[in-house]
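Asks: My structure is stored as my_file_6.cif, with mmCIF, C-alpha atoms.
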data_target
#
loop_
_atom_site.label_atom_id
_atom_site.label_comp_id
_atom_site.auth_asym_id
_atom_site.auth_seq_id
_atom_site.Cartn_x
_atom_site.Cartn_y
_atom_site.Cartn_z
CA MET W 82 133.43 103.71 92.10
CA ASP W 83 132.96 107.28 90.91
CA ALA W 84 131.04 110.03 92.68
CA THR W 85 127.73 109.33 90.90
CA GLN W 86 127.84 105.61 91.68
CA ARG W 87 128.77 106.31 95.26
CA ARG W 88 125.88 108.73 95.65
CA SER W 89 123.51 106.19 94.12
CA SER W 90 124.74 103.44 96.45
CA THR W 91 124.43 105.73 99.44
CA GLU W 92 120.85 106.65 98.58
CA ARG W 93 119.87 103.03 98.00
CA LEU W 94 121.48 101.86 101.23
CA ALA W 95 119.95 104.73 103.17
CA GLY W 96 116.55 103.72 101.84
CA LEU W 97 117.10 100.09 102.82
CA PHE W 98 118.26 101.12 106.27
CA ASP W 99 115.32 103.43 106.94
CA THR W 100 112.81 100.83 105.76
CA HIS W 101 114.18 97.68 107.34
CA HIS W 102 116.36 98.46 110.36
CA GLU W 103 113.50 98.09 112.82
CA ARG W 104 112.31 94.79 111.46
CA LEU W 105 115.89 93.48 111.32
CA PHE W 106 116.50 94.54 114.90
CA ARG W 107 113.37 92.71 116.02
CA LEU W 108 114.50 89.57 114.23
CA ALA W 109 118.02 89.95 115.61
CA CYS W 110 116.66 90.23 119.15
CA ARG W 111 114.83 86.95 118.67
CA LEU W 112 117.84 85.25 117.13
CA SER W 113 120.49 86.45 119.57
CA SER W 114 121.00 86.29 123.29
CA ASP W 115 120.77 89.99 124.20
CA ARG W 116 120.01 93.44 122.92
CA GLU W 117 123.62 94.57 122.42
CA GLU W 118 124.39 91.55 120.34
CA ALA W 119 121.26 92.14 118.29
CA ARG W 120 122.32 95.73 117.61
CA ASP W 121 125.78 94.57 116.52
CA LEU W 122 124.27 91.98 114.21
CA VAL W 123 122.02 94.53 112.52
CA GLN W 124 124.88 96.96 112.06
CA GLU W 125 127.15 94.26 110.68
CA ALA W 126 124.51 93.18 108.18
CA PHE W 127 124.16 96.74 106.89
CA LEU W 128 127.95 97.18 106.87
CA ARG W 129 128.28 94.17 104.62
CA ALA W 130 125.80 95.76 102.27
CA ALA W 131 127.79 99.00 102.38
CA ARG W 132 131.15 97.35 101.66
CA GLN W 133 129.78 95.39 98.71
CA PRO W 134 126.97 97.47 97.26
CA GLY W 135 127.00 95.41 94.06
CA SER W 136 126.08 92.24 95.91
CA VAL W 137 122.78 93.64 97.19
CA PRO W 138 120.06 92.94 94.60
CA GLU W 139 118.03 95.81 93.18
CA GLY W 140 114.55 96.40 94.56
CA ASP W 141 113.14 96.70 98.03
CA GLN W 142 111.98 93.13 98.59
CA PRO W 143 115.11 91.41 97.20
CA GLY W 144 117.19 93.85 99.22
CA GLU W 145 115.25 93.01 102.37
CA ALA W 146 115.64 89.27 101.72
CA TRP W 147 119.38 89.78 101.20
CA LEU W 148 119.65 91.58 104.55
CA VAL W 149 117.67 88.87 106.37
CA ARG W 150 119.84 86.13 104.89
CA THR W 151 122.98 88.05 105.84
CA LEU W 152 121.69 88.46 109.37
CA VAL W 153 120.91 84.76 109.66
CA ASN W 154 124.36 83.92 108.29
CA LEU W 155 125.96 86.21 110.85
CA CYS W 156 124.01 84.44 113.59
CA ARG W 157 125.15 81.12 112.20
CA ASP W 158 128.79 82.23 112.24
CA ARG W 159 128.43 83.30 115.85
CA TRP W 160 126.57 80.13 116.76
CA ARG W 161 129.40 78.03 115.33
CA ARG W 162 132.03 80.11 117.10
CA LEU W 163 130.42 79.75 120.47
CA GLY W 164 130.28 75.99 120.21
CA VAL W 165 127.84 73.55 121.69
CA ARG W 166 129.31 73.53 125.21
CA SER W 167 128.98 77.23 125.84
CA ARG W 168 125.46 77.27 124.39
CA VAL W 169 124.30 74.51 126.68
CA HIS W 170 126.00 76.20 129.62
CA ALA W 171 124.28 79.50 128.83
CA ALA W 172 120.94 77.75 128.43
CA MET W 173 121.27 75.96 131.77
CA LYS W 174 122.24 79.19 133.46
CA GLN W 175 119.13 80.88 132.15
CA GLU W 176 116.89 77.86 132.79
CA ASP W 177 117.52 77.74 136.53
CA GLY W 178 115.39 80.86 136.93
CA THR W 179 117.36 82.32 139.83
CA GLU W 180 118.02 85.58 137.98
CA HIS W 181 114.37 86.03 136.96
CA PRO W 182 112.03 85.18 139.78
CA GLU W 183 108.91 86.42 138.01
CA ARG W 184 107.03 83.93 135.88
CA ALA W 185 107.11 86.09 132.71
CA ALA W 186 110.82 86.51 133.02
CA VAL W 187 111.26 82.78 133.57
CA ILE W 188 109.23 81.98 130.47
CA ARG W 189 111.17 84.52 128.46
CA ALA W 190 114.48 83.04 129.59
CA THR W 191 113.21 79.55 128.83
CA VAL W 192 112.06 80.49 125.35
CA ARG W 193 115.31 82.27 124.62
CA ALA W 194 117.31 79.28 125.81
CA ALA W 195 115.14 76.91 123.76
CA LEU W 196 115.54 79.07 120.65
CA GLU W 197 119.30 79.25 121.15
CA LYS W 198 119.54 75.51 120.91
CA LEU W 199 118.13 75.59 117.39
CA PRO W 200 120.41 76.06 114.39
CA PRO W 201 120.15 79.66 113.16
CA ARG W 202 118.26 79.02 109.94
CA ARG W 203 115.72 76.83 111.74
CA ARG W 204 115.45 79.41 114.46
CA ALA W 205 114.87 82.15 111.88
CA ALA W 206 112.17 80.08 110.22
CA ILE W 207 110.23 79.44 113.44
CA VAL W 208 110.63 83.05 114.63
CA LEU W 209 109.50 84.56 111.34
CA HIS W 210 106.56 82.17 111.12
CA GLU W 211 105.40 81.91 114.72
CA LEU W 212 106.37 85.28 116.22
CA ASP W 213 106.35 87.58 113.17
CA GLY W 214 103.31 85.77 111.80
CA LEU W 215 104.65 85.50 108.25
CA PRO W 216 103.25 82.83 105.92
CA VAL W 217 105.51 80.00 104.81
CA ARG W 218 105.90 81.49 101.32
CA GLU W 219 107.16 84.78 102.74
CA VAL W 220 109.56 83.01 105.09
CA ALA W 221 110.91 81.02 102.13
CA ARG W 222 111.41 84.21 100.13
CA LEU W 223 113.21 85.98 102.94
CA LEU W 224 115.50 83.07 103.72
CA GLY W 225 116.10 82.20 100.09
CA ILE W 226 115.01 78.57 100.48
CA GLY W 227 112.11 76.47 99.24
CA GLU W 228 108.70 76.31 100.94
CA VAL W 229 109.12 72.58 101.50
CA THR W 230 112.39 73.27 103.28
CA VAL W 231 110.71 75.89 105.45
CA ARG W 232 107.98 73.39 106.43
CA TRP W 233 110.61 70.81 107.25
CA HIS W 234 112.50 73.34 109.41
CA LEU W 235 109.24 74.30 111.21
CA LEU W 236 108.41 70.67 111.90
CA ALA W 237 111.89 69.96 113.27
CA ALA W 238 111.93 73.18 115.31
CA ARG W 239 108.55 72.39 116.94
CA ARG W 240 109.76 68.94 117.84
CA GLU W 241 112.95 70.28 119.42
CA LEU W 242 111.13 73.12 121.21
CA ALA W 243 108.54 70.70 122.57
CA GLY W 244 111.34 68.77 124.26
CA VAL W 245 112.65 71.85 126.06
CA LEU W 246 109.44 73.80 126.65
CA GLY W 247 107.54 70.68 127.70
CA LYS W 248 109.74 70.32 130.79
CA GLU W 249 109.06 73.94 131.77
CA ASP W 250 105.37 73.53 131.10
CA ARG W 251 105.16 70.55 133.48
CA ARG W 252 106.75 72.49 136.39
CA MET A 411 102.63 69.27 123.71
CA ASN A 412 100.82 70.32 120.55
CA ASP A 413 101.71 73.06 118.04
CA GLU A 414 99.20 75.50 119.49
CA ARG A 415 100.70 75.22 122.99
CA ILE A 416 104.21 75.73 121.59
CA ARG A 417 103.04 78.83 119.73
CA GLN A 418 101.42 80.15 122.92
CA ILE A 419 104.58 79.67 125.00
CA LEU A 420 106.72 81.21 122.28
CA ARG A 421 104.53 84.31 122.21
CA GLU A 422 104.44 84.58 125.99
CA GLY A 423 108.19 84.38 126.18
CA ASP A 424 108.98 86.38 123.01
CA PRO A 425 112.59 87.58 123.55
CA PHE A 426 111.87 90.84 121.79
CA ALA A 427 108.92 91.64 124.08
CA GLY A 428 111.15 92.60 126.97
CA GLU A 429 113.70 94.54 124.93
CA PRO A 430 113.49 98.27 124.31
CA SER A 431 113.67 99.36 120.67
CA LEU A 432 116.65 101.17 119.26
CA THR A 433 116.81 104.76 120.47
CA PRO A 434 116.92 107.61 117.91
CA GLU A 435 120.58 108.24 118.86
CA GLU A 436 121.46 104.62 118.27
CA ILE A 437 119.68 104.66 114.93
CA ARG A 438 121.44 107.89 113.83
CA GLU A 439 124.84 106.57 114.85
CA MET A 440 124.31 103.23 113.15
CA ARG A 441 123.06 104.94 109.99
CA ARG A 442 126.09 107.23 109.87
CA THR A 443 128.48 104.32 110.43
CA VAL A 444 126.86 102.27 107.69
CA LEU A 445 126.74 105.05 105.10
CA ASN A 446 130.35 106.07 105.79
CA ALA A 447 131.47 102.50 105.15
CA ILE A 448 130.65 102.69 101.44
CA PRO A 449 134.10 102.43 99.84
CA ASP A 450 135.60 105.24 97.80
CA ARG A 451 137.69 104.17 94.80
CA ARG A 452 140.53 106.58 95.57
CA GLU A 453 140.69 105.46 99.18
CA ARG A 454 140.73 101.85 98.06
CA SER A 455 143.56 102.41 95.56
CA PHE A 456 145.65 104.26 98.16
CA ARG A 457 145.05 101.42 100.58
CA LEU A 458 146.23 98.92 97.98
CA LEU A 459 149.41 100.86 97.15
CA PRO A 460 151.69 99.36 99.86
CA ALA A 461 150.44 95.88 99.08
CA LEU A 462 151.15 96.37 95.38
CA ALA A 463 154.65 97.72 96.10
CA LEU A 464 155.43 94.77 98.35
CA THR A 465 154.15 92.32 95.76
CA GLY A 466 156.30 93.92 93.05
CA ALA A 467 159.42 93.84 95.21
CA ALA A 468 158.82 90.21 96.11
CA ALA A 469 158.40 89.33 92.43
CA VAL A 470 161.70 91.02 91.53
CA VAL A 471 163.52 89.20 94.35
CA VAL A 472 162.10 85.86 93.25
CA LEU A 473 163.08 86.55 89.63
CA ILE A 474 166.65 87.41 90.61
CA ALA A 475 166.88 84.31 92.81
CA VAL A 476 165.62 82.07 90.03
CA LEU A 477 168.09 83.53 87.53
CA ALA A 478 171.01 83.22 89.96
CA LEU A 479 170.24 79.69 91.11
CA ARG A 480 169.40 78.36 87.68
CA PRO A 481 171.67 75.34 86.79
CA GLY A 482 173.17 77.09 83.76
CA GLY A 483 173.15 80.52 85.36
CA LYS A 484 176.80 81.19 86.03
CA ILE A 485 178.52 78.01 84.92
CA PRO A 486 178.84 77.60 81.15
CA SER A 487 176.53 74.94 79.92
CA LYS A 488 179.23 73.20 77.89
CA ALA A 489 182.82 73.14 79.02
CA VAL A 490 184.68 73.31 75.75
CA ALA A 491 188.39 72.68 75.98
CA PRO A 492 190.52 74.80 73.73
CA ARG A 493 191.82 72.88 70.84
CA ILE A 494 195.53 72.83 70.45
CA ALA A 495 197.33 71.32 67.56
CA ALA A 496 200.94 71.23 66.64
CA VAL A 497 201.77 70.92 63.02
CA SER A 498 205.26 70.24 61.81
CA GLY A 499 206.42 71.22 58.44
CA PRO A 500 205.64 74.23 56.40
CA VAL A 501 205.40 77.52 58.20
CA VAL A 502 202.50 79.89 57.71
CA PRO A 503 203.69 83.47 57.47
CA VAL A 504 202.34 85.76 60.15
CA PRO A 505 202.07 89.32 58.87
CA PRO A 506 203.58 91.60 61.58
CA SER A 507 206.47 89.41 62.64
CA PRO A 508 209.58 89.51 60.53
CA ALA A 509 209.94 86.50 58.33
CA PRO A 510 212.57 84.02 59.42
CA VAL A 511 215.40 83.19 57.18
CA THR A 512 214.09 79.80 56.31
CA ARG A 513 210.64 80.94 55.25
CA PRO A 514 211.20 82.00 51.69
CA ALA A 515 212.57 78.62 50.87
CA LEU A 516 209.65 76.85 52.52
CA ARG A 517 207.15 79.09 50.84
CA GLU A 518 208.62 78.30 47.52
CA GLU A 519 208.52 74.63 48.20
CA THR A 520 204.83 74.30 49.14
CA PRO A 521 202.80 77.34 48.17
CA LYS A 522 199.49 75.43 47.83
CA VAL A 523 199.73 73.89 51.26
CA GLN A 524 200.34 77.28 52.85
CA SER A 525 197.37 78.78 51.17
CA ARG A 526 195.16 75.96 52.31
CA HIS A 527 196.35 76.33 55.93
CA GLN A 528 195.79 80.01 55.93
CA HIS A 529 192.34 80.28 54.44
CA ARG A 530 190.50 77.00 54.56
CA HIS A 531 191.74 75.76 57.93
CA LYS A 532 191.99 72.20 56.79
CA THR A 533 194.61 71.33 59.36
CA PRO A 534 193.53 68.15 61.13
CA ARG A 535 192.52 68.97 64.68
CA PRO A 536 192.86 66.68 67.62
CA SER A 537 189.49 65.52 68.83
CA ARG A 538 190.47 65.47 72.53
CA PRO A 539 192.62 67.78 74.67
CA GLU A 540 194.90 64.82 75.56
CA ASP A 541 195.55 64.32 71.89
CA ALA A 542 196.38 67.96 71.58
CA VAL A 543 198.90 67.79 74.42
CA ALA A 544 200.41 64.66 73.02
CA SER A 545 200.80 66.25 69.67
CA LEU A 546 202.94 69.00 71.12
CA GLU A 547 205.76 66.58 71.50
CA THR A 548 208.16 66.24 68.66
CA PRO A 549 207.10 63.42 66.38
CA GLU A 550 209.49 60.64 65.82
CA GLY A 551 211.87 61.14 62.94
CA GLN A 552 211.17 64.85 62.81
CA ALA A 553 214.22 67.04 62.60
CA GLU A 554 214.50 69.35 65.59
CA THR A 555 215.44 72.17 63.31
CA ALA A 556 212.11 72.16 61.45
CA PRO A 557 209.74 75.05 62.35
CA ARG A 558 206.40 74.12 63.85
CA ASP A 559 202.95 75.68 63.94
CA ILE A 560 200.83 75.46 67.05
CA GLN A 561 197.21 76.18 66.43
CA PHE A 562 194.61 77.01 69.07
CA THR A 563 190.94 77.21 68.59
CA THR A 564 189.14 79.02 71.34
CA PRO A 565 185.58 78.06 72.35
CA GLY A 566 184.41 81.20 70.61
CA GLY A 567 185.87 80.04 67.32
CA THR A 568 188.93 82.31 67.18
CA ARG A 569 191.90 80.57 65.73
CA ILE A 570 195.42 81.32 67.00
CA ILE A 571 198.49 80.09 65.23
CA TRP A 572 201.95 80.17 66.83
CA THR A 573 204.98 79.52 64.73
CA LEU A 574 207.91 78.03 66.65
CA ALA A 575 211.19 78.40 64.88
CA PRO A 576 214.03 76.43 66.55
CA GLY A 577 217.12 78.39 67.23
CA LYS A 578 215.22 81.64 67.53
CA ALA A 579 215.25 82.95 71.08
CA LEU A 580 212.22 84.59 72.67
CA HIS A 581 212.72 88.18 73.71
#
Could you spell out this file's structure in structure tokens?

Replies:
Amino acid sequence: MDATQRRSSTERLAGLFDTHHERLFRLACRLSSDREEARDLVQEAFLRAARQPGSVPEGDQPGEAWLVRTLVNLCRDRWRRLGVRSRVHAAMKQEDGTEHPERAAVIRATVRAALEKLPPRRRAAIVLHELDGLPVREVARLLGIGEVTVRWHLLAARRELAGVLGKEDRR
Amino acid sequence: MNDERIRQILREGDPFAGEPSLTPEEIREMRRTVLNAIPDRRERSFRLLPALALTGAAAVVVLIAVLALRPGGKIPSKAVAPRIAAVSGPVVPVPPSPAPVTRPALREETPKVQSRHQHRHKTPRPSRPEDAVASLETPEGQAETAPRDIQFTTPGGTRIIWTLAPGKALH
């Protein structure tokens, strides 16, 4: 990579960072368990783009979709590393509500625990659609999957969330 | 629990709602880290140098090992025994050594045979080393006073002819 190419890559990556870091951080916060982890995920996604500038597609929207997919993949890697046991343990710890006596905090912990039980791509689909308010077509574009697949993920996610949130709602 | 209720709970307990955004310092630091991670070609080649040197050394070692351990590496592929033949009768003159007393007479007797021995190498050779050893012994009915030729053929093709004249001492 010569000086001109490097400068071009730097400018393009700087543009992507300035435009999308906030949105990616918001998504990372909803996909991860805490703020520090969300910050690490965002940084790692941009670092992957920096190490392989050729793999990031040209254009703002394709670049954004590439970053979102990378972020979701990073979450998936972490999700697999943690394993089912630790996830359930973490969810139960947050569900007991002893650390968050206020109702808002309890609901937040419950929602976070319920989201953590979902596989990362399904979680990303429900978060982008329900919390970010994006239409199915936009979610499909960002995740690089078909609209039918997004609808299937949303249906499955609602069913799984209903099982967890329903118990909290009945309390 | 219907979809609308799930959406409502998700929005009430949005994990991002309770998290502060990235601070300007965090954003600056992350931006700097990301942009500095864009690889430089020279840095990359210097980083690869030790790996390339190690790979080259390993290849040379493997090559040497293969050559040394090859089945035909040090041992000759065909063990060819030197051919030895003893021929009784006419003596072939050898240039530097002084001619024995009996030679002129022999040369006069069979000039054609001598010439054939010297140039065309038509002397019958023993096919096996045992035959060659056996042929060193004096044939039956042969006078012990007759001079003998002993011919060697080395694996390389060099032909050596010894003339043994009885009654002539070695010095």

Asks: Mind checking which residues fall within 12 Å of Met440 of chain A, counting all atoms listed in the file, ignoring those fewer than 5 positions away in the same chain, and posting them as a ChimeraX atom specification?

Replies: /W:95,98-99,102-103,106,120-128 /A:432-435,445-447

Asks: Select residues of chain W: the criterion is any atom within 6 Å of an atom of chain A, counting all atoms listed in the file; output as a PyMOL selection string.

Replies: chain W and resi 82+110-111+128+131-132+188-189+192

Asks: Between atom CA of Gly247 of chain W and atom CA of Val187 of chain W, what is the spacing in Å?

Replies: 14.0 Å

Asks: Do a neighbour search on segment 136-142 of chain W at 12 Å with all atoms listed in the file, toss out local chain neighbours closer than 3 positions, and write the hits as a PyMOL selection string.

Replies: chain W and resi 89-90+93-101+126-133+145-151+219+222-225

Asks: Taking the file as shown, find all residues satisfying the PyMOL selection byres ((chain W and resi 209) around 10) and write them as a PyMOL selection string.

Replies: chain W and resi 108+111+203-208+210-217+219-221+223-224

Asks: Could you list the residues chosen by the PyMOL selection byres ((chain W and resi 237-242) around 7) in this structure as a ChimeraX atom specification?

Replies: /W:195,199,203,207,233-236,243-246 /A:413

Asks: Which is closer to Ala119 of chain W than all the others in W:Val153, W:Leu163, W:Val229, W:Ala185, using all atoms listed in the file?

Replies: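 Result for the nearest residue to Ala119 of chain W: W:Val153.
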
Asks: Would you work out the distance separating atom CA of Leu105 of chain W from atom CA of Thr91 of chain W, expressed in Å to one decimal?

Replies: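 Between these atoms lies a distance of 19.1 Å.
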
Asks: For Trp160 of chain W, work out the shell of residues within 8 Å, counting only C-alpha atoms and skipping chain neighbours fewer than 3 positions away, then give it as a PyMOL selection string.

Replies: chain W and resi 156-157+163-164+200-201

Asks: Can you spit out the residues from that selection as a PDB file, in the frame of the given file, using C-alpha atoms?

Replies:
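part-v9.pdb was written with the following content:
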ATOM      1  CA  CYS W 156     124.010  84.440 113.590  1.00  0.00           C
ATOM      2  CA  ARG W 157     125.150  81.120 112.200  1.00  0.00           C
ATOM      3  CA  LEU W 163     130.420  79.750 120.470  1.00  0.00           C
ATOM      4  CA  GLY W 164     130.280  75.990 120.210  1.00  0.00           C
ATOM      5  CA  PRO W 200     120.410  76.060 114.390  1.00  0.00           C
ATOM      6  CA  PRO W 201     120.150  79.660 113.160  1.00  0.00           C
TER       7      PRO W 201
END
